[in-house]
Amino acid sequence: MAADIISTVEFNYSGDLLATGDKGGRVVIFQREQENKGRAHSRGEYNVYSTFQSHEPEFDYLKSLEIEEKINKIRWLPQQNAAHFLLSTNDKTIKLWKISERDKRAEGYNLKDEDGRLRDPFRITALRVPILKPMDLMVEASPRRIFANAHTYHINSISVNSDHETYLSADDLRINLWHLEITDRSFNIVDIKPANMEELTEVITAAEFHPHQCNVFVYSSSKGTIRLCDMRSSALCDRHAKFFEEPEDPSSRSFFSEIISSISDVKFSHSGRYMMTRDYLSVKVWDLNMEGRPVETHQVHEYLRSKLCSLYENDCIFDKFECCWNGSDSAIMTGSYNNFFRMFDRNTRRDVTLEASRENSKPRASLKPRKVCSGGKRKKDEISVDSLDFNKKILHTAWHPMESIIAVAATNNLYIFQDKIN
């Protein structure tokens, strides 16, 4: 079912909760089980904790547009008390959800009976003190804020600021800054809409706040450039502080160059020193102090360069792959086709292709590295480029903030893998 296709995956700050959003507007939260000493293999499995409908389909009568319920992004807020908070967004509306537990209920009211009916005041002869009785655990999700009507175009990113009070939301042409307590207004901090829309040459594809400096954020564009902005310099950050762009190699220029250079995701490292960008064929790591070129370029599926024509015809060339860092910034991960995903070790410069599929994902079985053969004679365990399934794509992945646990969304299946401990 199309509604079950997972559209975003996100661990919370501790890694104990994992949220997924899908095309049907639902959010499913998984909770990590506490390790069981009696069972050797129960190394923190994730089980469903809460499921709720975050967004419903809507209709914009002024523009005669259907607004789909698909969840584009989920971002957790740092935990302040027993409850958890997350932001979820579809194309137009951002919602702040509170997820809380209830395991007690009050009994013995004075003014109403146990079944909830009001009592006759004249029949009340004694004062009762209500008591809390234990009950089965209930996990409740309630919308605390709704941030609407601020985006003319489709929202592609939300990012919580390190001040934990504000967040940004980005659409194709504008970025807005919100306060988490205020829903009726936001500040427009980037606007790249030209006066004449015929002069439009690029759109915003992703945006993110710096993990430690609350005044710094970046946004990437469909032209393959990244702009770093400082909100201290001016209220409207139209003039960037830094501009990251790799000069194009004229010898490899083709009809598809512009399309495949479009950046689909940008992520700061946890340290805040680096950022990573994903374009169609590669993932690049940039040092924030060096704008001229990336410090690392990792090829994700270079064997597809010769297939760009057919990928253009079936629209796959416009797929938006995301990327993520591990907790120590020493490794990065991103998805590919045929349910493959790629991991790159930045220290050893080794990389691996793994597959998330039901056939080879028996619990506690090791994943075997996959190899794709692009031409010439195919070895026994290699897969030919021509037999790759482009409908099976891994666009969304997440890495546990502290441990070697990853979550990989393969269409409507969520896979959770962890490093084997001998």
# chains A, B, ... in the order shown; residues from 1 in each chain; ligands from 1

call {"tool": "residues_around", "arguments": {"residues": "region 144-146 of chain A", "least_positions_apart": "6", "cutoff": "10 Å", "atoms": "only C-alpha atoms", "output": "PyMOL selection string"}}
result
chain A and resi 85+87-89+93-98+180-184

call {"tool": "select_by_dssp", "arguments": {"residues": "region 43-241 of chain A", "states": "strand (DSSP E or B)", "output": "PyMOL selection string"}}
result
chain A and resi 46-53+58-60+65-67+73-76+84-89+94-107+112+118+131-147+157-160+166-170+174-179+187-191+204-209+216-221+226-230

call {"tool": "closest_residue", "arguments": {"among": "A:His55, A:His400, A:Arg346, A:Lys368", "to": "His298 (chain A)", "atoms": "only C-alpha atoms"}}
result
A:Arg346

call {"tool": "closest_atom_pairs", "arguments": {"of": "region 302-341 of chain A", "to": "region 265-281 of chain A", "cutoff": "10 Å", "atoms": "only C-alpha atoms", "output": "CSV"}}
result
residue,atom,partner,partner_atom,distance
A:Glu302,CA,A:Leu281,CA,6.1
A:Tyr303,CA,A:Leu281,CA,9.0
A:Leu304,CA,A:Leu281,CA,7.7
A:Arg305,CA,A:Leu281,CA,7.7
A:Cys316,CA,A:Tyr280,CA,9.7
A:Ile317,CA,A:Tyr280,CA,7.1
A:Phe318,CA,A:Tyr280,CA,8.0
A:Asp319,CA,A:Tyr280,CA,7.7
A:Lys320,CA,A:Asp265,CA,7.6
A:Phe321,CA,A:Asp265,CA,7.0
A:Glu322,CA,A:Asp265,CA,5.3
A:Cys323,CA,A:Arg278,CA,6.5
A:Cys324,CA,A:Lys267,CA,6.8
A:Trp325,CA,A:Ser269,CA,6.5
A:Asn326,CA,A:His270,CA,8.6
A:Gly327,CA,A:His270,CA,7.0
A:Ser328,CA,A:His270,CA,7.2
A:Asp329,CA,A:Ser269,CA,6.0
A:Ser330,CA,A:Ser269,CA,9.5
A:Ile332,CA,A:Met276,CA,8.7
A:Thr334,CA,A:Arg278,CA,8.2
A:Ser336,CA,A:Leu281,CA,9.2

call {"tool": "residues_around", "arguments": {"residues": "Thr8 (chain A)", "least_positions_apart": "4", "cutoff": "9 Å", "atoms": "only C-alpha atoms", "output": "NGL selection string"}}
result
:A and (19-22 or 71-74 or 395-397 or 409)

call {"tool": "select_by_dssp", "arguments": {"residues": "region 86-266 of chain A", "states": "alpha helix (DSSP H)", "output": "ChimeraX atom specification"}}
result
/A:257-261

call {"tool": "decode", "arguments": {"residues": "region 96-129 of chain A", "atoms": "N, CA, C and O atoms", "output": "mmCIF file, in the first residue's frame"}}
result
data_model
loop_
_atom_site.group_PDB
_atom_site.id
_atom_site.type_symbol
_atom_site.label_atom_id
_atom_site.label_comp_id
_atom_site.auth_asym_id
_atom_site.auth_seq_id
_atom_site.Cartn_x
_atom_site.Cartn_y
_atom_site.Cartn_z
ATOM 1 N N LEU A 96 3.724 20.281 16.586
ATOM 2 C CA LEU A 96 4.526 19.880 17.746
ATOM 3 C C LEU A 96 3.699 18.871 18.542
ATOM 4 O O LEU A 96 2.597 19.190 19.005
ATOM 5 N N TRP A 97 4.216 17.663 18.671
ATOM 6 C CA TRP A 97 3.502 16.594 19.373
ATOM 7 C C TRP A 97 4.156 16.298 20.704
ATOM 8 O O TRP A 97 5.381 16.285 20.820
ATOM 9 N N LYS A 98 3.311 16.038 21.692
ATOM 10 C CA LYS A 98 3.788 15.599 23.006
ATOM 11 C C LYS A 98 3.434 14.122 23.163
ATOM 12 O O LYS A 98 2.282 13.721 22.945
ATOM 13 N N ILE A 99 4.418 13.324 23.520
ATOM 14 C CA ILE A 99 4.193 11.888 23.738
ATOM 15 C C ILE A 99 4.450 11.616 25.217
ATOM 16 O O ILE A 99 5.564 11.800 25.704
ATOM 17 N N SER A 100 3.400 11.234 25.926
ATOM 18 C CA SER A 100 3.538 11.057 27.378
ATOM 19 C C SER A 100 2.894 9.742 27.820
ATOM 20 O O SER A 100 2.060 9.180 27.119
ATOM 21 N N GLU A 101 3.284 9.285 28.995
ATOM 22 C CA GLU A 101 2.789 8.026 29.542
ATOM 23 C C GLU A 101 1.834 8.292 30.708
ATOM 24 O O GLU A 101 2.039 9.219 31.485
ATOM 25 N N ARG A 102 0.796 7.445 30.797
ATOM 26 C CA ARG A 102 -0.084 7.487 31.960
ATOM 27 C C ARG A 102 -0.238 6.079 32.502
ATOM 28 O O ARG A 102 -0.648 5.181 31.769
ATOM 29 N N ASP A 103 0.089 5.890 33.798
ATOM 30 C CA ASP A 103 -0.098 4.561 34.378
ATOM 31 C C ASP A 103 -0.866 4.629 35.706
ATOM 32 O O ASP A 103 -0.921 3.662 36.451
ATOM 33 N N LYS A 104 -1.462 5.834 35.985
ATOM 34 C CA LYS A 104 -2.299 5.957 37.188
ATOM 35 C C LYS A 104 -3.546 6.743 36.823
ATOM 36 O O LYS A 104 -3.527 7.573 35.922
ATOM 37 N N ARG A 105 -4.632 6.468 37.542
ATOM 38 C CA ARG A 105 -5.833 7.278 37.333
ATOM 39 C C ARG A 105 -6.440 7.630 38.691
ATOM 40 O O ARG A 105 -6.307 6.885 39.668
ATOM 41 N N ALA A 106 -7.093 8.789 38.737
ATOM 42 C CA ALA A 106 -7.668 9.260 39.999
ATOM 43 C C ALA A 106 -9.042 8.628 40.202
ATOM 44 O O ALA A 106 -9.841 8.536 39.261
ATOM 45 N N GLU A 107 -9.317 8.203 41.423
ATOM 46 C CA GLU A 107 -10.625 7.648 41.781
ATOM 47 C C GLU A 107 -11.101 8.285 43.066
ATOM 48 O O GLU A 107 -10.304 8.717 43.891
ATOM 49 N N GLY A 108 -12.439 8.295 43.239
ATOM 50 C CA GLY A 108 -13.002 8.825 44.479
ATOM 51 C C GLY A 108 -13.269 10.312 44.420
ATOM 52 O O GLY A 108 -12.965 11.055 45.358
ATOM 53 N N TYR A 109 -13.878 10.787 43.303
ATOM 54 C CA TYR A 109 -14.225 12.200 43.205
ATOM 55 C C TYR A 109 -15.422 12.512 44.097
ATOM 56 O O TYR A 109 -16.248 11.642 44.395
ATOM 57 N N ASN A 110 -15.554 13.772 44.494
ATOM 58 C CA ASN A 110 -16.693 14.186 45.311
ATOM 59 C C ASN A 110 -17.909 14.517 44.469
ATOM 60 O O ASN A 110 -19.037 14.228 44.866
ATOM 61 N N LEU A 111 -17.684 15.142 43.303
ATOM 62 C CA LEU A 111 -18.817 15.688 42.536
ATOM 63 C C LEU A 111 -19.307 14.765 41.434
ATOM 64 O O LEU A 111 -20.291 15.071 40.771
ATOM 65 N N LYS A 112 -18.598 13.655 41.187
ATOM 66 C CA LYS A 112 -19.105 12.739 40.159
ATOM 67 C C LYS A 112 -18.898 11.296 40.582
ATOM 68 O O LYS A 112 -17.988 10.979 41.353
ATOM 69 N N ASP A 113 -19.733 10.416 40.025
ATOM 70 C CA ASP A 113 -19.654 8.982 40.324
ATOM 71 C C ASP A 113 -18.481 8.366 39.585
ATOM 72 O O ASP A 113 -17.858 8.992 38.730
ATOM 73 N N GLU A 114 -18.251 7.074 39.878
ATOM 74 C CA GLU A 114 -17.155 6.356 39.212
ATOM 75 C C GLU A 114 -17.367 6.307 37.691
ATOM 76 O O GLU A 114 -16.421 6.243 36.926
ATOM 77 N N ASP A 115 -18.629 6.282 37.253
ATOM 78 C CA ASP A 115 -18.889 6.217 35.796
ATOM 79 C C ASP A 115 -18.901 7.600 35.161
ATOM 80 O O ASP A 115 -19.237 7.746 33.985
ATOM 81 N N GLY A 116 -18.592 8.650 35.939
ATOM 82 C CA GLY A 116 -18.429 9.985 35.355
ATOM 83 C C GLY A 116 -19.655 10.873 35.448
ATOM 84 O O GLY A 116 -19.590 12.049 35.096
ATOM 85 N N ARG A 117 -20.804 10.333 35.923
ATOM 86 C CA ARG A 117 -22.017 11.164 36.002
ATOM 87 C C ARG A 117 -21.946 12.077 37.220
ATOM 88 O O ARG A 117 -21.456 11.684 38.282
ATOM 89 N N LEU A 118 -22.467 13.296 37.062
ATOM 90 C CA LEU A 118 -22.458 14.251 38.176
ATOM 91 C C LEU A 118 -23.385 13.775 39.291
ATOM 92 O O LEU A 118 -24.495 13.294 39.025
ATOM 93 N N ARG A 119 -22.950 13.958 40.545
ATOM 94 C CA ARG A 119 -23.781 13.559 41.682
ATOM 95 C C ARG A 119 -24.664 14.720 42.134
ATOM 96 O O ARG A 119 -24.332 15.891 41.946
ATOM 97 N N ASP A 120 -25.781 14.367 42.742
ATOM 98 C CA ASP A 120 -26.679 15.374 43.300
ATOM 99 C C ASP A 120 -25.982 15.996 44.520
ATOM 100 O O ASP A 120 -25.649 15.284 45.476
ATOM 101 N N PRO A 121 -25.769 17.336 44.500
ATOM 102 C CA PRO A 121 -25.026 17.955 45.613
ATOM 103 C C PRO A 121 -25.655 17.679 46.977
ATOM 104 O O PRO A 121 -24.968 17.617 47.989
ATOM 105 N N PHE A 122 -26.994 17.508 47.013
ATOM 106 C CA PHE A 122 -27.655 17.306 48.315
ATOM 107 C C PHE A 122 -27.378 15.918 48.870
ATOM 108 O O PHE A 122 -27.621 15.659 50.045
ATOM 109 N N ARG A 123 -26.902 14.985 48.000
ATOM 110 C CA ARG A 123 -26.641 13.639 48.496
ATOM 111 C C ARG A 123 -25.200 13.484 48.972
ATOM 112 O O ARG A 123 -24.805 12.423 49.437
ATOM 113 N N ILE A 124 -24.399 14.540 48.802
ATOM 114 C CA ILE A 124 -22.997 14.462 49.239
ATOM 115 C C ILE A 124 -22.949 14.794 50.727
ATOM 116 O O ILE A 124 -23.262 15.913 51.137
ATOM 117 N N THR A 125 -22.598 13.787 51.541
ATOM 118 C CA THR A 125 -22.599 14.005 52.993
ATOM 119 C C THR A 125 -21.191 14.017 53.568
ATOM 120 O O THR A 125 -20.974 14.524 54.652
ATOM 121 N N ALA A 126 -20.244 13.435 52.842
ATOM 122 C CA ALA A 126 -18.878 13.365 53.376
ATOM 123 C C ALA A 126 -17.893 13.836 52.316
ATOM 124 O O ALA A 126 -18.147 13.739 51.115
ATOM 125 N N LEU A 127 -16.778 14.347 52.767
ATOM 126 C CA LEU A 127 -15.728 14.807 51.850
ATOM 127 C C LEU A 127 -14.759 13.648 51.596
ATOM 128 O O LEU A 127 -14.224 13.059 52.532
ATOM 129 N N ARG A 128 -14.598 13.310 50.331
ATOM 130 C CA ARG A 128 -13.669 12.228 49.990
ATOM 131 C C ARG A 128 -12.382 12.818 49.434
ATOM 132 O O ARG A 128 -12.397 13.828 48.733
ATOM 133 N N VAL A 129 -11.280 12.154 49.719
ATOM 134 C CA VAL A 129 -10.001 12.561 49.134
ATOM 135 C C VAL A 129 -9.711 11.617 47.970
ATOM 136 O O VAL A 129 -9.591 10.402 48.173
#
